[in-house]
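Source file protein-v2.csv; content: CSV, C-alpha atoms.
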chain,number,residue,atom,x,y,z
B,1,MET,CA,-11.9,-24.5,-63.3
B,2,LYS,CA,-9.5,-25.8,-60.7
B,3,LEU,CA,-8.8,-24.4,-57.3
B,4,HIS,CA,-5.4,-23.2,-58.4
B,5,ASP,CA,-7.0,-21.2,-61.2
B,6,LEU,CA,-8.6,-18.8,-58.8
B,7,LYS,CA,-6.9,-15.5,-58.4
B,8,PRO,CA,-7.9,-12.0,-57.2
B,9,ARG,CA,-9.4,-9.5,-59.5
B,10,ARG,CA,-6.9,-7.3,-61.4
B,11,GLY,CA,-6.1,-4.2,-59.3
B,12,SER,CA,-7.6,-5.5,-56.1
B,13,ARG,CA,-4.3,-6.3,-54.5
B,14,LYS,CA,-1.5,-3.8,-54.8
B,15,GLY,CA,2.2,-4.5,-53.9
B,16,ARG,CA,3.9,-2.6,-51.1
B,17,LYS,CA,5.9,0.4,-52.2
B,18,ARG,CA,9.6,-0.4,-52.0
B,19,VAL,CA,11.3,2.6,-50.4
B,20,GLY,CA,15.0,3.4,-50.2
B,21,ARG,CA,15.9,1.7,-53.5
B,22,GLY,CA,17.5,4.6,-55.3
B,23,ILE,CA,16.6,8.1,-56.4
B,24,SER,CA,14.8,6.9,-59.6
B,25,ALA,CA,12.2,5.1,-57.5
B,26,GLY,CA,10.7,8.3,-56.1
B,27,GLN,CA,11.3,7.3,-52.5
B,28,GLY,CA,15.0,6.9,-52.4
B,29,LYS,CA,17.7,8.0,-49.9
B,30,THR,CA,15.6,9.0,-46.9
B,31,ALA,CA,12.6,6.9,-48.0
B,32,GLY,CA,10.0,9.6,-47.4
B,33,ARG,CA,11.0,10.0,-43.7
B,34,GLY,CA,12.7,13.4,-44.1
B,35,THR,CA,16.1,14.0,-42.6
B,36,LYS,CA,17.5,13.3,-39.2
B,37,GLY,CA,15.4,13.0,-36.0
B,38,GLU,CA,13.2,10.6,-34.1
B,39,GLY,CA,10.8,9.9,-36.9
B,40,ALA,CA,13.6,9.0,-39.3
B,41,ARG,CA,14.6,6.0,-37.2
B,42,ALA,CA,13.1,2.6,-36.7
B,43,GLY,CA,11.3,2.0,-33.3
B,44,SER,CA,10.4,5.6,-32.9
B,45,GLY,CA,7.4,6.7,-30.8
B,46,GLY,CA,8.4,5.7,-27.3
B,47,LYS,CA,6.2,4.0,-24.7
B,48,ILE,CA,2.5,4.8,-24.2
B,49,TYR,CA,3.2,7.0,-21.1
B,50,ARG,CA,6.1,8.9,-22.6
B,51,GLN,CA,5.8,12.6,-22.4
B,52,GLY,CA,8.9,13.8,-24.1
B,53,GLY,CA,11.1,14.0,-21.0
B,54,ASN,CA,8.4,15.5,-18.7
B,55,LEU,CA,7.6,13.6,-15.5
B,56,PRO,CA,4.8,11.2,-16.5
B,57,PHE,CA,1.3,12.1,-15.3
B,58,PHE,CA,0.8,9.0,-13.2
B,59,ARG,CA,4.0,9.8,-11.3
B,60,ARG,CA,2.8,13.3,-10.5
B,61,LEU,CA,-0.2,12.0,-8.6
B,62,PRO,CA,0.2,12.1,-4.8
B,63,PHE,CA,-1.9,9.0,-4.1
B,64,LYS,CA,0.8,6.7,-5.5
B,65,ARG,CA,2.9,7.2,-2.4
B,66,GLY,CA,0.3,6.3,0.2
B,67,PHE,CA,0.8,6.8,4.0
B,68,THR,CA,1.1,4.8,7.2
B,69,ASN,CA,-1.9,5.1,9.5
B,70,LEU,CA,-0.5,5.3,13.1
B,71,PHE,CA,-4.0,4.7,14.6
B,72,ARG,CA,-5.2,1.8,12.4
B,73,GLN,CA,-7.6,-0.5,14.3
B,74,GLN,CA,-6.5,-4.2,14.1
B,75,TRP,CA,-8.8,-7.1,14.7
B,76,ASN,CA,-8.7,-10.8,15.6
B,77,GLU,CA,-10.6,-12.3,12.6
B,78,VAL,CA,-12.5,-15.5,13.2
B,79,ASN,CA,-14.5,-17.2,10.4
B,80,LEU,CA,-17.6,-19.3,11.0
B,81,GLU,CA,-15.9,-22.4,9.8
B,82,GLN,CA,-13.6,-22.2,12.8
B,83,LEU,CA,-16.7,-22.4,15.1
B,84,GLU,CA,-18.0,-25.6,13.5
B,85,GLY,CA,-18.3,-28.4,16.1
B,86,ILE,CA,-19.4,-26.2,19.0
B,87,LYS,CA,-22.4,-27.6,20.8
B,88,ALA,CA,-25.8,-25.9,20.6
B,89,GLY,CA,-26.5,-23.4,23.3
B,90,THR,CA,-22.8,-22.7,23.9
B,91,GLU,CA,-22.0,-19.0,24.5
B,92,VAL,CA,-18.9,-18.1,22.5
B,93,THR,CA,-17.0,-15.2,24.0
B,94,PRO,CA,-13.6,-13.7,23.2
B,95,GLU,CA,-12.2,-15.5,26.3
B,96,ILE,CA,-13.3,-18.9,25.1
B,97,LEU,CA,-11.9,-18.1,21.6
B,98,ALA,CA,-8.6,-17.2,23.2
B,99,GLU,CA,-8.5,-20.4,25.2
B,100,ALA,CA,-9.1,-22.4,22.0
B,101,GLY,CA,-6.1,-20.6,20.3
B,102,LEU,CA,-8.2,-18.9,17.7
B,103,LEU,CA,-7.0,-15.4,18.5
B,104,ARG,CA,-3.7,-14.1,17.4
B,105,ASP,CA,-3.7,-11.3,20.0
B,106,PRO,CA,-6.3,-11.6,22.8
B,107,GLU,CA,-6.0,-8.0,23.7
B,108,LYS,CA,-7.4,-6.9,20.3
B,109,PRO,CA,-11.1,-6.9,19.5
B,110,VAL,CA,-12.8,-9.8,17.7
B,111,ALA,CA,-14.5,-9.7,14.3
B,112,ILE,CA,-16.6,-12.6,13.1
B,113,LEU,CA,-16.4,-13.2,9.4
B,114,GLY,CA,-18.9,-15.2,7.2
B,115,ARG,CA,-16.7,-17.8,5.5
B,116,GLY,CA,-18.1,-21.3,6.2
B,117,GLU,CA,-21.4,-22.4,7.8
B,118,VAL,CA,-22.7,-22.9,11.3
B,119,SER,CA,-25.2,-25.6,12.0
B,120,ALA,CA,-25.7,-25.3,15.8
B,121,ALA,CA,-27.7,-22.7,17.6
B,122,ILE,CA,-24.9,-20.9,19.5
B,123,LYS,CA,-24.6,-17.5,21.1
B,124,VAL,CA,-21.6,-15.5,19.8
B,125,HIS,CA,-20.3,-12.4,21.6
B,126,ALA,CA,-17.9,-10.3,19.5
B,127,HIS,CA,-17.0,-6.7,18.8
B,128,ARG,CA,-18.0,-6.9,15.1
B,129,PHE,CA,-20.0,-9.1,12.8
B,130,THR,CA,-20.1,-9.1,9.0
B,131,ILE,CA,-23.7,-9.1,7.5
B,132,SER,CA,-23.2,-12.7,6.2
B,133,ALA,CA,-21.9,-13.9,9.5
B,134,ARG,CA,-24.8,-12.5,11.5
B,135,SER,CA,-27.4,-13.8,9.0
B,136,LYS,CA,-25.9,-17.4,9.2
B,137,ILE,CA,-25.7,-17.4,12.9
B,138,GLU,CA,-29.3,-16.2,13.3
B,139,GLY,CA,-30.4,-18.5,10.5
B,140,ALA,CA,-29.2,-21.5,12.5
B,141,GLY,CA,-31.2,-20.4,15.5
B,142,GLY,CA,-28.3,-18.7,17.3
B,143,GLU,CA,-27.7,-15.2,18.5
B,144,ALA,CA,-25.1,-12.6,17.6
B,145,HIS,CA,-24.4,-10.2,20.5
B,146,LEU,CA,-22.3,-7.1,19.7
B,147,LEU,CA,-19.8,-6.2,22.5
B,148,PRO,CA,-18.9,-2.6,23.0
B,149,LEU,CA,-15.6,-1.7,21.5
B,150,GLU,CA,-13.4,-0.4,24.2
B,151,VAL,CA,-11.7,2.7,22.9
B,152,VAL,CA,-8.1,2.4,24.0
B,153,GLU,CA,-6.4,5.6,23.4
B,154,GLU,CA,-3.4,4.9,21.3
B,155,GLU,CA,-0.1,6.2,22.6
B,156,PRO,CA,0.2,9.7,21.0
B,157,PHE,CA,3.4,10.7,19.3
B,158,ASN,CA,5.4,13.8,19.0
B,159,VAL,CA,5.4,14.2,15.2
B,160,ILE,CA,8.4,15.8,13.6
B,161,THR,CA,9.6,15.9,10.0
B,162,VAL,CA,13.0,15.4,8.4
B,163,GLY,CA,13.1,19.1,7.6
B,164,ASP,CA,13.0,19.9,11.4
B,165,LEU,CA,16.5,18.2,11.6
B,166,ARG,CA,18.2,20.6,9.2
B,167,ASP,CA,19.7,22.7,12.1
B,168,PHE,CA,21.7,19.8,13.5
B,169,ASP,CA,25.4,19.6,12.6
B,170,ALA,CA,26.9,16.8,10.6
B,171,GLU,CA,27.6,13.6,12.4
B,172,SER,CA,25.2,14.6,15.2
B,173,ILE,CA,23.4,12.0,17.2
B,174,VAL,CA,19.8,13.1,17.3
B,175,THR,CA,17.9,11.5,20.2
B,176,PRO,CA,14.5,12.3,21.8
B,177,THR,CA,16.5,14.1,24.5
B,178,GLU,CA,18.3,16.2,21.9
B,179,LEU,CA,15.0,17.0,20.2
B,180,ALA,CA,13.4,18.1,23.4
B,181,ALA,CA,16.4,20.3,24.2
B,182,ALA,CA,16.0,21.9,20.7
B,183,GLY,CA,12.3,22.6,21.5
B,184,LEU,CA,10.9,20.3,18.8
B,185,LEU,CA,8.8,18.2,21.1
B,186,ALA,CA,5.5,19.3,22.4
B,187,ASP,CA,5.6,16.7,25.2
B,188,PRO,CA,9.0,15.1,25.9
B,189,ALA,CA,7.2,12.3,27.8
B,190,LYS,CA,5.6,11.0,24.6
B,191,PRO,CA,7.4,8.9,21.9
B,192,VAL,CA,8.7,10.5,18.7
B,193,ALA,CA,7.5,9.8,15.2
B,194,LEU,CA,9.5,11.0,12.2
B,195,GLN,CA,7.8,11.9,8.9
B,196,GLY,CA,9.5,12.3,5.5
B,197,ARG,CA,8.6,15.9,4.7
B,198,GLY,CA,11.7,18.1,4.1
B,199,ARG,CA,15.3,17.1,3.6
B,200,VAL,CA,18.7,17.2,5.3
B,201,LYS,CA,22.0,17.7,3.6
B,202,VAL,CA,24.4,16.3,6.3
B,203,PRO,CA,24.7,12.8,7.7
B,204,LEU,CA,23.0,12.4,11.0
B,205,THR,CA,22.4,9.5,13.4
B,206,VAL,CA,18.7,9.7,14.2
B,207,LYS,CA,17.1,7.6,17.0
B,208,VAL,CA,13.3,7.8,17.2
B,209,HIS,CA,10.4,5.5,18.2
B,210,PHE,CA,8.7,5.5,14.7
B,211,ALA,CA,9.7,6.6,11.2
B,212,THR,CA,8.0,6.4,7.8
B,213,ARG,CA,9.6,4.9,4.8
B,214,SER,CA,10.2,8.2,3.2
B,215,ALA,CA,11.8,9.6,6.3
B,216,ARG,CA,14.2,6.6,6.4
B,217,SER,CA,15.1,6.9,2.8
B,218,ARG,CA,15.9,10.6,3.1
B,219,ILE,CA,18.1,10.1,6.2
B,220,LEU,CA,20.0,7.3,4.5
B,221,SER,CA,20.4,9.2,1.2
B,222,ALA,CA,22.1,12.0,3.1
B,223,GLY,CA,24.6,9.4,4.4
B,224,GLY,CA,23.1,9.1,7.9
B,225,THR,CA,21.7,6.3,9.9
B,226,LEU,CA,18.2,5.7,11.4
B,227,GLU,CA,17.6,3.6,14.5
B,228,ILE,CA,14.2,2.7,15.9
B,229,VAL,CA,14.2,2.7,19.7
B,230,GLU,CA,11.6,1.3,22.1
B,231,ALA,CA,9.4,3.7,24.0
B,232,ALA,CA,10.1,4.0,27.7

Encoded form using structure tokens:
Amino acid sequence: MKLHDLKPRRGSRKGRKRVGRGISAGQGKTAGRGTKGEGARAGSGGKIYRQGGNLPFFRRLPFKRGFTNLFRQQWNEVNLEQLEGIKAGTEVTPEILAEAGLLRDPEKPVAILGRGEVSAAIKVHAHRFTISARSKIEGAGGEAHLLPLEVVEEEPFNVITVGDLRDFDAESIVTPTELAAAGLLADPAKPVALQGRGRVKVPLTVKVHFATRSARSRILSAGGTLEIVEAA
């Protein structure tokens, strides 16, 4: 017996049915697919998230859109590898870090992160330490002193929505002064933040101190313009 003499057992392999080859074949004309429709055509079935024209489920979920946190705390992040080379016994404070050019904004609090190693016993004063940063500093014989985080009250906003602007006429210039005159501001001395809830149907020129992306898109889609002005 040679290798080319080997063949499958009789009946173990069956040929593919050839459809659409005439009425005598039993699967002629429509080839077993019925008449017209999606299933009668090649490539039918659609994508995995297709729902027959309905809005897909993942697009109905609200968390896709996110939000902008007006009161997010921002930090000056300093890693331990940036403190390498400091002599033992040195007290590292936010003022010293600012003089060394390690802080992006000296007015913001300092967070010490654990990337890198520290070999000298230094005293670090910061507003926040990660667990790994504290353990590495103390493991080298140093000290990690937590500074009190000064709660700086963020400048509050007069929050209004796009829907609050629906009573303004077309081509109107909507400024904080106009909003105060319309009774839409709780405190005219505070800056104005515009959120995207609601819609306007006429083009407006809106001037506010802050606006979300959805608010901007809805003002622009109505043919208007949005301008961000600085708070007084």

Task: Residue nearest Leu146 of chain B among B:Thr93, B:Phe168, B:Gly45, B:Glu99 (counting all atoms listed in the file) - done: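 Going through B:Thr93, B:Phe168, B:Gly45, B:Glu99 one by one, the smallest distance to Leu146 of chain B is for B:Thr93.
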
Task: 8 Å contact set for segment 172-181 of chain B, only C-alpha atoms, chain neighbours under 3 positions out, as a VMD selection string - done: chain B and resid 168 to 169 184 to 185 188 191 to 192 203 to 208

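Each of B:Lys47, B:Lys123, B:Arg16, B:Arg10 was checked against Val92 of chain B using only C-alpha atoms; the smallest atom-to-atom distance is that of B:Lys123.
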
Task: All residues 8 Å or closer to Val200 of chain B, all atoms listed in the file, same chain fewer than 2 positions away omitted, as a VMD selection string - done: chain B and resid 162 to 163 165 to 166 198 202 to 203 218 to 219 222

Open item on the list: Using all atoms listed in the file, can you tell me which of B:Gly142, B:Thr68, B:Ala133, B:Gln27 comes closest to Lys87 of chain B?
Closed with: B:Gly142

Open item on the list: Which residue is closest to Gly85 of chain B? Choose from B:Pro106, B:Leu70, B:Gly11, B:Ile122 and count all atoms listed in the file.
Closed with: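 Of the candidates, the smallest distance to Gly85 of chain B is held by B:Ile122.
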
- [ ] Measure the distance from atom CA of Ala120 of chain B to atom CA of Ala140 of chain B in Å and round it to one decimal.
- [x] 6.1 Å

Task: Nearest to Gln73 of chain B by atom-to-atom distance, counting all atoms listed in the file, from B:Gly39, B:Pro148, B:Pro109, B:Gly89 - done: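 Comparing B:Gly39, B:Pro148, B:Pro109, B:Gly89 against Gln73 of chain B, the winner is B:Pro109.
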
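Rounded to one decimal, atom CA of Ser44 of chain B and atom CA of Gly15 of chain B lie 24.7 Å from each other.
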
Open item on the list: Between atom CA of Gly116 of chain B and atom CA of Gln82 of chain B, what distance in Å does the model show, to one decimal?
Closed with: 8.0 Å

Could you add N, CA, C and O atoms to segment 177-193 of chain B and give me the result as a PDB file, keeping the file's coordinate frame?
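Ended up saving to out.pdb:
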ATOM      1  N   THR B 177      16.001  13.107  23.522  1.00  0.00           N
ATOM      2  CA  THR B 177      16.500  14.100  24.500  1.00  0.00           C
ATOM      3  C   THR B 177      17.021  15.337  23.770  1.00  0.00           C
ATOM      4  O   THR B 177      16.752  16.478  24.180  1.00  0.00           O
ATOM      5  N   GLU B 178      17.779  15.120  22.662  1.00  0.00           N
ATOM      6  CA  GLU B 178      18.300  16.200  21.900  1.00  0.00           C
ATOM      7  C   GLU B 178      17.158  17.020  21.236  1.00  0.00           C
ATOM      8  O   GLU B 178      17.198  18.255  21.157  1.00  0.00           O
ATOM      9  N   LEU B 179      16.145  16.321  20.776  1.00  0.00           N
ATOM     10  CA  LEU B 179      15.000  17.000  20.200  1.00  0.00           C
ATOM     11  C   LEU B 179      14.246  17.829  21.169  1.00  0.00           C
ATOM     12  O   LEU B 179      13.776  18.937  20.863  1.00  0.00           O
ATOM     13  N   ALA B 180      14.109  17.310  22.395  1.00  0.00           N
ATOM     14  CA  ALA B 180      13.400  18.100  23.400  1.00  0.00           C
ATOM     15  C   ALA B 180      14.229  19.317  23.809  1.00  0.00           C
ATOM     16  O   ALA B 180      13.662  20.396  24.023  1.00  0.00           O
ATOM     17  N   ALA B 181      15.561  19.172  23.861  1.00  0.00           N
ATOM     18  CA  ALA B 181      16.400  20.300  24.200  1.00  0.00           C
ATOM     19  C   ALA B 181      16.324  21.394  23.098  1.00  0.00           C
ATOM     20  O   ALA B 181      16.466  22.593  23.380  1.00  0.00           O
ATOM     21  N   ALA B 182      16.076  20.964  21.844  1.00  0.00           N
ATOM     22  CA  ALA B 182      16.000  21.900  20.700  1.00  0.00           C
ATOM     23  C   ALA B 182      14.562  22.511  20.636  1.00  0.00           C
ATOM     24  O   ALA B 182      14.313  23.344  19.759  1.00  0.00           O
ATOM     25  N   GLY B 183      13.655  22.105  21.521  1.00  0.00           N
ATOM     26  CA  GLY B 183      12.300  22.600  21.500  1.00  0.00           C
ATOM     27  C   GLY B 183      11.418  22.112  20.406  1.00  0.00           C
ATOM     28  O   GLY B 183      10.449  22.773  20.022  1.00  0.00           O
ATOM     29  N   LEU B 184      11.721  20.917  19.897  1.00  0.00           N
ATOM     30  CA  LEU B 184      10.900  20.300  18.800  1.00  0.00           C
ATOM     31  C   LEU B 184       9.842  19.414  19.265  1.00  0.00           C
ATOM     32  O   LEU B 184       9.047  18.946  18.446  1.00  0.00           O
ATOM     33  N   LEU B 185       9.796  19.091  20.557  1.00  0.00           N
ATOM     34  CA  LEU B 185       8.800  18.200  21.100  1.00  0.00           C
ATOM     35  C   LEU B 185       7.783  18.907  21.928  1.00  0.00           C
ATOM     36  O   LEU B 185       8.153  19.673  22.839  1.00  0.00           O
ATOM     37  N   ALA B 186       6.505  18.679  21.642  1.00  0.00           N
ATOM     38  CA  ALA B 186       5.500  19.300  22.400  1.00  0.00           C
ATOM     39  C   ALA B 186       5.383  18.715  23.824  1.00  0.00           C
ATOM     40  O   ALA B 186       5.102  19.422  24.792  1.00  0.00           O
ATOM     41  N   ASP B 187       5.593  17.404  23.940  1.00  0.00           N
ATOM     42  CA  ASP B 187       5.600  16.700  25.200  1.00  0.00           C
ATOM     43  C   ASP B 187       6.711  15.719  25.248  1.00  0.00           C
ATOM     44  O   ASP B 187       6.623  14.653  24.627  1.00  0.00           O
ATOM     45  N   PRO B 188       7.817  16.024  25.917  1.00  0.00           N
ATOM     46  CA  PRO B 188       9.000  15.100  25.900  1.00  0.00           C
ATOM     47  C   PRO B 188       8.670  13.723  26.469  1.00  0.00           C
ATOM     48  O   PRO B 188       9.444  12.787  26.236  1.00  0.00           O
ATOM     49  N   ALA B 189       7.554  13.566  27.217  1.00  0.00           N
ATOM     50  CA  ALA B 189       7.200  12.300  27.800  1.00  0.00           C
ATOM     51  C   ALA B 189       6.639  11.315  26.730  1.00  0.00           C
ATOM     52  O   ALA B 189       6.571  10.105  26.954  1.00  0.00           O
ATOM     53  N   LYS B 190       6.201  11.842  25.591  1.00  0.00           N
ATOM     54  CA  LYS B 190       5.600  11.000  24.600  1.00  0.00           C
ATOM     55  C   LYS B 190       6.653  10.539  23.560  1.00  0.00           C
ATOM     56  O   LYS B 190       7.674  11.191  23.374  1.00  0.00           O
ATOM     57  N   PRO B 191       6.427   9.395  22.903  1.00  0.00           N
ATOM     58  CA  PRO B 191       7.400   8.900  21.900  1.00  0.00           C
ATOM     59  C   PRO B 191       7.423   9.813  20.670  1.00  0.00           C
ATOM     60  O   PRO B 191       6.526  10.635  20.461  1.00  0.00           O
ATOM     61  N   VAL B 192       8.450   9.633  19.863  1.00  0.00           N
ATOM     62  CA  VAL B 192       8.700  10.500  18.700  1.00  0.00           C
ATOM     63  C   VAL B 192       8.469   9.754  17.420  1.00  0.00           C
ATOM     64  O   VAL B 192       8.974   8.641  17.244  1.00  0.00           O
ATOM     65  N   ALA B 193       7.695  10.354  16.512  1.00  0.00           N
ATOM     66  CA  ALA B 193       7.500   9.800  15.200  1.00  0.00           C
ATOM     67  C   ALA B 193       8.055  10.760  14.154  1.00  0.00           C
ATOM     68  O   ALA B 193       7.816  11.963  14.196  1.00  0.00           O
TER      69      ALA B 193
END
